[in-house]
Amino acid sequence: MAEDKDELEEVNTENHSDSHKEDDYEKVCYVCRRPESKAGKMITMPGNICICNSCMQRAFDQVEKGGFPGMMFQMPPGMGNMSFQMEDVPNTVPQKQKIKKKKEGEQPVLDIRSIPAPHKINAQLNEYVVGQEHAKKAISVAVYNHYKRIAADRKDGVEIEKSNMLMIGPTGSGKTYLVKTLAKLLNVPLAIADATSLTEAGYIGDDIESVVSKLLAAADNDVAKAEHGIIFIDEIDKLARKKNTTSRDVSGEAVQQGLLKLLEGAEVEVPVGANSKNAMVPLETVNTKNILFICGGAFPDLEDIIKERLNRTSSMGFQADLRDKYDHDPNILRQVEIEDLRKFGMIPEFLGRLPIVFSLDALDEDRLVQVLKEPKNAILKQYQKLLAMDEVDLRFDEDALHAIAKKALKKDTGARALRAIIEEFMLDIMYEIPKDDNIGRVTITKEYIENTGGPIIELRA
């Protein structure tokens, strides 16, 4: 009996918590898809279907005029004997399409005192991101100033403008990882969108507002929380104006034009839980005025445009610059200017809304070795943890690390190449070690990486 009583209490507790979670969300009209805050009080019908008063009145008017075939609802008790039915009615609104209620008397979503100072943000980024000192300094200051702007008092008439950012760096230099780490440290909602999927409204692909819809989903459909979040638009260089084309540029300059209002700050209606607006998805209004936009891209061939500009001053004579002076400069992107980006294909109105432009350096051999072993979530630490579960100590010779870095440089994909290389030579080790319980330590050598020898395997004492 005692056990049955405990089980009953657990069930009641679960039901109470579930109902409490449901109370945190607004009801959404099944017909017009408007939330309770916009449509008013809802009428709940069998099957947990909610209909607003205006849609219900329209249904009554339609029935009085002669009805409509194939559409019948069963009225709830106490509302008459009329019934009408709708085919394929879902039992409930999907969880991802629910909109959080705006509760009165809640504490402010953002407390400026909880945002760390730039030097503290930089120090935390150093634990995860190797190198890129200028980029980490720039992003720390920009983020801190952005959230100070939100909390600033506008009584004196001084309004601080947004500090949206544009990151330029070769593939595998850590652009996306830097933003992910930043959002995790600040504990703010983050949405990562891919610019390659965005198209002008009316064409196949994601609408421009879908980037805001992703942020709303990351904030658990809490509009107030989403309006203080961060949106990272990757592959922004793919939106460059298409050259020598006669077809309509629906995924290039047109998308840049459409992003202008979001970057500046505007109230946009976005679908909840979907990428495009349609009759079956509720809409919510989000103000992008306080959303921080960070754009990033590799900008291939931008180096040639920069070199062309820098070589304009080259001339003949003893003190003249050589035309090949910048050919072997791995960090030439540091000298990028707005003129170069305009020539690449970015429109001036778009660049004007991204006042902070900085570049990430390409990773050399020493930096790649640091990426392998120094960050908190370093690749080597991950494999050491995996083998530690089998009570095996995994070690790497310093020469082996440099051999891995040299292989990665040849692939020309930055830090992304490291994982593929390690997976390749660790396959046999991860397969063979669980067979023998006597193995206590494995040391990866340079010879093993270069396929001229094997790892050093030591048995337990």
# chains A, B, ... in the order shown; residues from 1 in each chain; ligands from 1
$ residues_around --residues "segment 416-430 of chain A" --least-positions-apart "3" --cutoff "10 Å" --atoms "only C-alpha atoms" --output "ChimeraX atom specification"
/A:171-174,368-369,371-372,379-380,383,386-387,404-413,433-435,442,444,448-451,455
$ select_by_dssp --residues "segment 105-218 of chain A" --states "strand (DSSP E)" --output "VMD selection string"
chain A and resid 165 to 168 190 to 194
$ residues_around --residues "Val357 of chain A" --least-positions-apart "5" --cutoff "8 Å" --atoms "only C-alpha atoms" --output "NGL selection string"
:A and (165-168)
$ write_last_selection --atoms "N, CA, C and O atoms" --output "short mmCIF file (atom, residue, chain, number, x, y, z; two decimals), in the first residue's frame"
data_model
loop_
_atom_site.label_atom_id
_atom_site.label_comp_id
_atom_site.auth_asym_id
_atom_site.auth_seq_id
_atom_site.Cartn_x
_atom_site.Cartn_y
_atom_site.Cartn_z
N MET A 165 29.16 43.52 -35.89
CA MET A 165 30.54 43.17 -36.24
C MET A 165 30.60 42.36 -37.53
O MET A 165 29.67 41.63 -37.87
N LEU A 166 31.73 42.50 -38.22
CA LEU A 166 32.03 41.68 -39.40
C LEU A 166 33.39 41.03 -39.18
O LEU A 166 34.41 41.71 -39.02
N MET A 167 33.40 39.69 -39.13
CA MET A 167 34.64 38.93 -38.95
C MET A 167 35.09 38.35 -40.28
O MET A 167 34.31 37.73 -40.99
N ILE A 168 36.35 38.58 -40.61
CA ILE A 168 36.92 38.06 -41.84
C ILE A 168 38.08 37.14 -41.47
O ILE A 168 38.96 37.53 -40.70
#
$ select_by_dssp --residues "segment 290-406 of chain A" --states "helix (DSSP H, G or I)" --output "ChimeraX atom specification"
/A:290,302-313,332-335,338-344,348-352,365-373,379-388,398-406
$ atom_distance --atom1 "atom CA of Ile208 of chain A" --atom2 "atom CA of Lys242 of chain A"
18.5 Å
$ atom_distance --atom1 "atom CA of Gly345 of chain A" --atom2 "atom CA of Ala298 of chain A"
13.7 Å
$ residues_around --residues "segment 141-150 of chain A" --least-positions-apart "4" --cutoff "8 Å" --atoms "only C-alpha atoms" --output "list of chain:residue names"
A:Ile112, A:Ile115, A:Pro116, A:Ala117, A:Pro118, A:Lys137, A:Glu159, A:Ile160, A:Glu161, A:Lys162, A:Ser163, A:Asn164, A:Met165, A:Asn290, A:Leu292, A:Ile356
$ residues_around --residues "Tyr203 of chain A" --least-positions-apart "5" --cutoff "12 Å" --atoms "only C-alpha atoms" --output "list in words"
Ser197, Leu198, Ile208, Arg248, Asp249, Val250, Ser251, Ala254, Val255 and Ser276 of chain A
$ closest_residue --among "A:Met56, A:Ala217, A:Ala201, A:Ile233" --to "Ile43 of chain A" --atoms "only C-alpha atoms"
A:Met56
$ residues_around --residues "Ala183 of chain A" --least-positions-apart "2" --cutoff "12 Å" --atoms "only C-alpha atoms" --output "PyMOL selection string"
chain A and resi 115+121+124-125+139-140+143+176-181+185-192+218+228-232+292+294
$ residues_around --residues "Val336 of chain A" --least-positions-apart "2" --cutoff "12 Å" --atoms "only C-alpha atoms" --output "list in words"
Leu166, Met167, Ile168, Gly169, Phe299, Leu302, Glu303, Asp304, Ile305, Ile306, Lys307, Glu308, Arg309, Leu310, Asn331, Ile332, Leu333, Arg334, Ile338, Glu339, Asp340, Leu341, Arg342, Lys343, Phe344, Val357, Phe358, Ser359 and Leu360 of chain A
$ write_last_selection --atoms "N, CA and C atoms" --output "mmCIF file, in the first residue's frame"
data_model
loop_
_atom_site.group_PDB
_atom_site.id
_atom_site.type_symbol
_atom_site.label_atom_id
_atom_site.label_comp_id
_atom_site.auth_asym_id
_atom_site.auth_seq_id
_atom_site.Cartn_x
_atom_site.Cartn_y
_atom_site.Cartn_z
ATOM 1 N N LEU A 166 31.728 42.495 -38.225
ATOM 2 C CA LEU A 166 32.034 41.684 -39.397
ATOM 3 C C LEU A 166 33.388 41.028 -39.180
ATOM 4 N N MET A 167 33.405 39.685 -39.131
ATOM 5 C CA MET A 167 34.639 38.928 -38.952
ATOM 6 C C MET A 167 35.091 38.352 -40.284
ATOM 7 N N ILE A 168 36.351 38.580 -40.605
ATOM 8 C CA ILE A 168 36.924 38.055 -41.842
ATOM 9 C C ILE A 168 38.082 37.141 -41.470
ATOM 10 N N GLY A 169 38.088 35.950 -42.005
ATOM 11 C CA GLY A 169 39.173 35.028 -41.693
ATOM 12 C C GLY A 169 39.103 33.793 -42.562
ATOM 13 N N PHE A 299 35.675 35.044 -47.309
ATOM 14 C CA PHE A 299 35.970 36.006 -48.375
ATOM 15 C C PHE A 299 37.133 35.534 -49.258
ATOM 16 N N LEU A 302 39.695 37.722 -51.622
ATOM 17 C CA LEU A 302 39.794 39.095 -51.119
ATOM 18 C C LEU A 302 41.244 39.526 -51.011
ATOM 19 N N GLU A 303 42.151 38.559 -50.794
ATOM 20 C CA GLU A 303 43.580 38.880 -50.709
ATOM 21 C C GLU A 303 44.085 39.532 -51.998
ATOM 22 N N ASP A 304 43.593 39.045 -53.133
ATOM 23 C CA ASP A 304 44.025 39.614 -54.415
ATOM 24 C C ASP A 304 43.578 41.059 -54.558
ATOM 25 N N ILE A 305 42.367 41.360 -54.079
ATOM 26 C CA ILE A 305 41.866 42.740 -54.139
ATOM 27 C C ILE A 305 42.704 43.647 -53.252
ATOM 28 N N ILE A 306 43.072 43.138 -52.039
ATOM 29 C CA ILE A 306 43.903 43.936 -51.129
ATOM 30 C C ILE A 306 45.284 44.168 -51.740
ATOM 31 N N LYS A 307 45.864 43.114 -52.330
ATOM 32 C CA LYS A 307 47.190 43.252 -52.957
ATOM 33 C C LYS A 307 47.160 44.259 -54.098
ATOM 34 N N GLU A 308 46.087 44.229 -54.870
ATOM 35 C CA GLU A 308 45.963 45.163 -55.992
ATOM 36 C C GLU A 308 45.940 46.601 -55.499
ATOM 37 N N ARG A 309 45.233 46.839 -54.393
ATOM 38 C CA ARG A 309 45.190 48.200 -53.830
ATOM 39 C C ARG A 309 46.546 48.605 -53.259
ATOM 40 N N LEU A 310 47.200 47.686 -52.550
ATOM 41 C CA LEU A 310 48.487 48.018 -51.938
ATOM 42 C C LEU A 310 49.580 48.211 -52.977
ATOM 43 N N ASN A 331 48.945 36.974 -43.311
ATOM 44 C CA ASN A 331 47.954 37.758 -42.578
ATOM 45 C C ASN A 331 47.643 39.064 -43.292
ATOM 46 N N ILE A 332 47.563 39.015 -44.601
ATOM 47 C CA ILE A 332 47.283 40.227 -45.371
ATOM 48 C C ILE A 332 45.857 40.725 -45.134
ATOM 49 N N LEU A 333 44.967 39.858 -44.642
ATOM 50 C CA LEU A 333 43.588 40.278 -44.364
ATOM 51 C C LEU A 333 43.525 41.337 -43.265
ATOM 52 N N ARG A 334 44.588 41.489 -42.489
ATOM 53 C CA ARG A 334 44.613 42.534 -41.462
ATOM 54 C C ARG A 334 44.514 43.927 -42.079
ATOM 55 N N ILE A 338 37.176 49.085 -46.193
ATOM 56 C CA ILE A 338 35.808 49.036 -46.715
ATOM 57 C C ILE A 338 35.817 49.039 -48.244
ATOM 58 N N GLU A 339 36.769 49.760 -48.828
ATOM 59 C CA GLU A 339 36.890 49.810 -50.287
ATOM 60 C C GLU A 339 37.083 48.408 -50.877
ATOM 61 N N ASP A 340 37.883 47.587 -50.206
ATOM 62 C CA ASP A 340 38.131 46.226 -50.698
ATOM 63 C C ASP A 340 36.853 45.382 -50.635
ATOM 64 N N LEU A 341 36.086 45.531 -49.547
ATOM 65 C CA LEU A 341 34.858 44.754 -49.392
ATOM 66 C C LEU A 341 33.802 45.184 -50.406
ATOM 67 N N ARG A 342 33.763 46.477 -50.728
ATOM 68 C CA ARG A 342 32.829 46.956 -51.756
ATOM 69 C C ARG A 342 33.195 46.378 -53.119
ATOM 70 N N LYS A 343 34.486 46.312 -53.395
ATOM 71 C CA LYS A 343 34.924 45.748 -54.663
ATOM 72 C C LYS A 343 34.650 44.252 -54.717
ATOM 73 N N PHE A 344 34.649 43.599 -53.560
ATOM 74 C CA PHE A 344 34.350 42.167 -53.496
ATOM 75 C C PHE A 344 32.898 41.886 -53.865
ATOM 76 N N VAL A 357 34.920 46.031 -38.033
ATOM 77 C CA VAL A 357 35.447 45.040 -38.970
ATOM 78 C C VAL A 357 36.817 44.597 -38.478
ATOM 79 N N PHE A 358 37.008 43.297 -38.319
ATOM 80 C CA PHE A 358 38.316 42.787 -37.906
ATOM 81 C C PHE A 358 38.541 41.430 -38.555
ATOM 82 N N SER A 359 39.792 41.029 -38.600
ATOM 83 C CA SER A 359 40.144 39.776 -39.277
ATOM 84 C C SER A 359 40.776 38.798 -38.293
ATOM 85 N N LEU A 360 40.683 37.529 -38.644
ATOM 86 C CA LEU A 360 41.346 36.464 -37.885
ATOM 87 C C LEU A 360 42.539 35.978 -38.690
#
$ atom_distance --atom1 "atom CA of Val270 of chain A" --atom2 "atom CA of Leu283 of chain A"
5.4 Å
$ closest_residue --among "A:Ile439, A:Pro46, A:Tyr128, A:Ala39" --to "Lys373 of chain A" --atoms "only C-alpha atoms"
A:Tyr128
$ closest_residue --among "A:Val130, A:Leu260, A:Val281, A:Cys55" --to "Met42 of chain A" --atoms "only C-alpha atoms"
A:Cys55
$ closest_residue --among "A:Glu227, A:Leu239, A:Lys175, A:Val268" --to "Glu209 of chain A" --atoms "only C-alpha atoms"
A:Val268
